[in-house]
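**Q** Below you will find the structure I want to go over with you.
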Amino acid sequence: MANAALFIATVLIWGTTWIAIAMQVGPVPVLVSVFYRFAVAAAILVAILVVMRRLKLPALRDQPFILAQALCLFSLNFICFYNAAASIPSGLISVIFSLATIYNAVNARLFFGDRITGRTLLAAALGATGLLLLFGQDVVVDFDMATLKGIGLAALGTLFFSLGNMASRRNSAVGISPLTANTWGMTYGAIILLFLIAVTRTPIVAPPNITYLAAMLYLAAIGSVIGFTTYLMLVSRTGSSRAAYATVLFPIVALSLSTVFEGYHWSGLGLFGLALTLLGNVVIFAPPPARRPQSDARLPAGGGGAGLGNLRGGGS
């Protein structure tokens, strides 16, 4: 039940962040908007840990992995996604981002030796196919260089996201809580973004209106502080491959909100895509079939009584 609650919270939170991001599009440069988001999120997390008296700097040996998490989850990936949005529709970015399930399965194999199961591949295929059907009618692009650049940036951002998952998994394995890792990761991420702003001489534009400010606070407090914490807790509890399936479902939430607030019209193909995506969710989270107990006939000759006695004793 706890894993299900974390999964649902992640899907609902990240499914609503797209509207908030759209509200930030305007006169504020991308680097500055992303910096605002994670600077505020880091400040909130530091304050929480100070109040809880749990603010402590991770050991020196863990710092490279905290920095890797900062680079991949709280700076470089968002720079890629925001810039990709300038070239291709956000729906296509969501479809590409849903491939995080495949990225995570491959990277978990490379970094941790996890076996890539047929169930994981089937769930990823169903989810990605479902999203392609959902967004396919609305995403019509000409494959010019700008479009290819946008697709490449979205794919690169998803790769960064997956590598950040691997760093988070390692940090959890050595006992660093997601709250602590996120606090320092977002702090380092904000510093990295500020450095990039200085190097690129990007002008720092103040929030232009209350709508932008409200969106920024939502993305920082809900989308980053709560959303990333619930997601990385899910990674530590269920593994990166299963946790990443949230990235397949959260565009469904975004599309539902679009139906209510933007007049999105569902098609038969879109409904079929939704069904495929939900089926993929069932496949990856369904419990494995229980093993059938061995029958007496399969027990070694002369050892049947002892074997049955051992089985009964183990169950008492």
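Going through the structure tokens in order, the chains are called A, B, and so on, while each chain numbers its residues from 1 and the ligands are numbered from 1 in the order shown.
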Can you tell me which residues surround A:Phe250 at a distance of at most 8 Å, considering only C-alpha atoms, apart from same-chain residues fewer than 2 positions away, and format the answer as number ranges by chain?
**A** A: 11-12, 14-15, 246-248, 252-254
**Q** Please measure the separation of atom CA of A:Pro64 and atom CA of A:Thr202, giving the value in Å to one decimal.
**A**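 These two atoms are separated by 27.3 Å.
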**Q** In Å, with one decimal, what is the gap from atom CA of A:Ala41 to atom CA of A:Val225?
**A**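 Atom CA of A:Val225 lies 5.8 Å from atom CA of A:Ala41.
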**Q** DSSP on the backbone, helix (DSSP H, G or I) only: what residues of stretch 148-284 of chain A does that give? Format it as an NGL selection string.
**A** :A and (148-173 or 178-199 or 210-238 or 240-243 or 246-261 or 268-284)
**Q** Got a sec: who's within 12 Å of A:Ala108, counting only C-alpha atoms, leaving out chain neighbours fewer than 2 positions off, as a ChimeraX atom specification?
**A** /A:100-106,110-117,162-170,235,239-242,244
**Q** How many Å lie between atom CA of A:Phe160 and atom CA of A:Val283, rounded to one decimal?
**A**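 These two atoms are separated by 26.1 Å.
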**Q** What's the 10 Å shell around A:Leu194, counting only C-alpha atoms, without same-chain residues fewer than 6 positions away, as a list in words?
**A**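 The filter keeps Leu31, Val32, Val34, Phe35, Tyr36, Ala39, Tyr188, Thr200, Thr202 and Ile204 of chain A.
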**Q** Need the shell around A:Leu6: protein/DNA/RNA residues with any atom at most 7 Å away, counting only C-alpha atoms. Skip same-chain ones fewer than 4 positions apart. Format as a JSON list (two decimals) with N, CA and C atoms, in the first residue's frame?
**A**
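Dumped everything to result12.json:
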```
[["chain", "number", "residue", "atom", "x", "y", "z"],
["A", 2, "ALA", "N", 1.98, 1.21, 0.76],
["A", 2, "ALA", "CA", 2.86, 2.38, 0.79],
["A", 2, "ALA", "C", 3.46, 2.65, -0.59],
["A", 10, "THR", "N", 3.35, 10.43, -7.06],
["A", 10, "THR", "CA", 4.30, 10.86, -8.09],
["A", 10, "THR", "C", 3.61, 11.14, -9.42],
["A", 230, "THR", "N", 8.97, 11.68, -3.34],
["A", 230, "THR", "CA", 8.14, 10.48, -3.47],
["A", 230, "THR", "C", 8.69, 9.57, -4.56],
["A", 231, "TYR", "N", 9.17, 10.14, -5.66],
["A", 231, "TYR", "CA", 9.70, 9.32, -6.75],
["A", 231, "TYR", "C", 10.96, 8.57, -6.32],
["A", 234, "LEU", "N", 10.34, 5.82, -4.08],
["A", 234, "LEU", "CA", 9.83, 4.68, -4.86],
["A", 234, "LEU", "C", 10.98, 3.93, -5.52]]
```
**Q** Compare A:Val260, A:Leu121, A:Val25, A:Ile13 by their minimum atom-to-atom distance to A:Thr211, counting only C-alpha atoms, and give me the closest one.
**A**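 Among the listed residues, the smallest separation from A:Thr211 belongs to A:Val25.
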**Q** Near A:Phe161, counting only C-alpha atoms, which residues have an atom at most 8 Å away, once you skip same-chain residues fewer than 6 positions from it, shown as a list in words?
**A**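 The contact residues come out as Cys72, Leu73, Asn77 and Ala100 of chain A.
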**Q** Smallest atom-to-atom distance to A:Leu232: which of A:Pro178, A:Gly150, A:Pro203, A:Gly185, using only C-alpha atoms?
**A**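 Closest candidate: A:Pro178.
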**Q** In terms of the shortest atom-to-atom distance over only C-alpha atoms, which of A:Ile66, A:Leu131, A:Leu57, A:Leu249 is closest to A:Ile8?
**A**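 Going through A:Ile66, A:Leu131, A:Leu57, A:Leu249 one by one, the smallest distance to A:Ile8 is for A:Leu249.
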**Q** With a distance cut-off of 7 Å and only C-alpha atoms, select the neighbouring residues of A:Gly280, excluding the residue or stretch itself and same-chain residues fewer than 5 positions from it, and output the selection as a ChimeraX atom specification.
**A** /A:123-124,126-127
**Q** I need the residues from that last selection saved to file as a PDB file, in the first residue's frame (with C-alpha atoms), if you can.
**A**
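Now in part.pdb:
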```pdb
ATOM      1  CA  ALA A 123       5.290  -3.035 -19.937  1.00  0.00           C
ATOM      2  CA  ALA A 124       7.601  -0.446 -21.484  1.00  0.00           C
ATOM      3  CA  LEU A 126       2.771  -1.186 -24.028  1.00  0.00           C
ATOM      4  CA  GLY A 127       3.240   2.154 -22.275  1.00  0.00           C
TER       5      GLY A 127
END
```
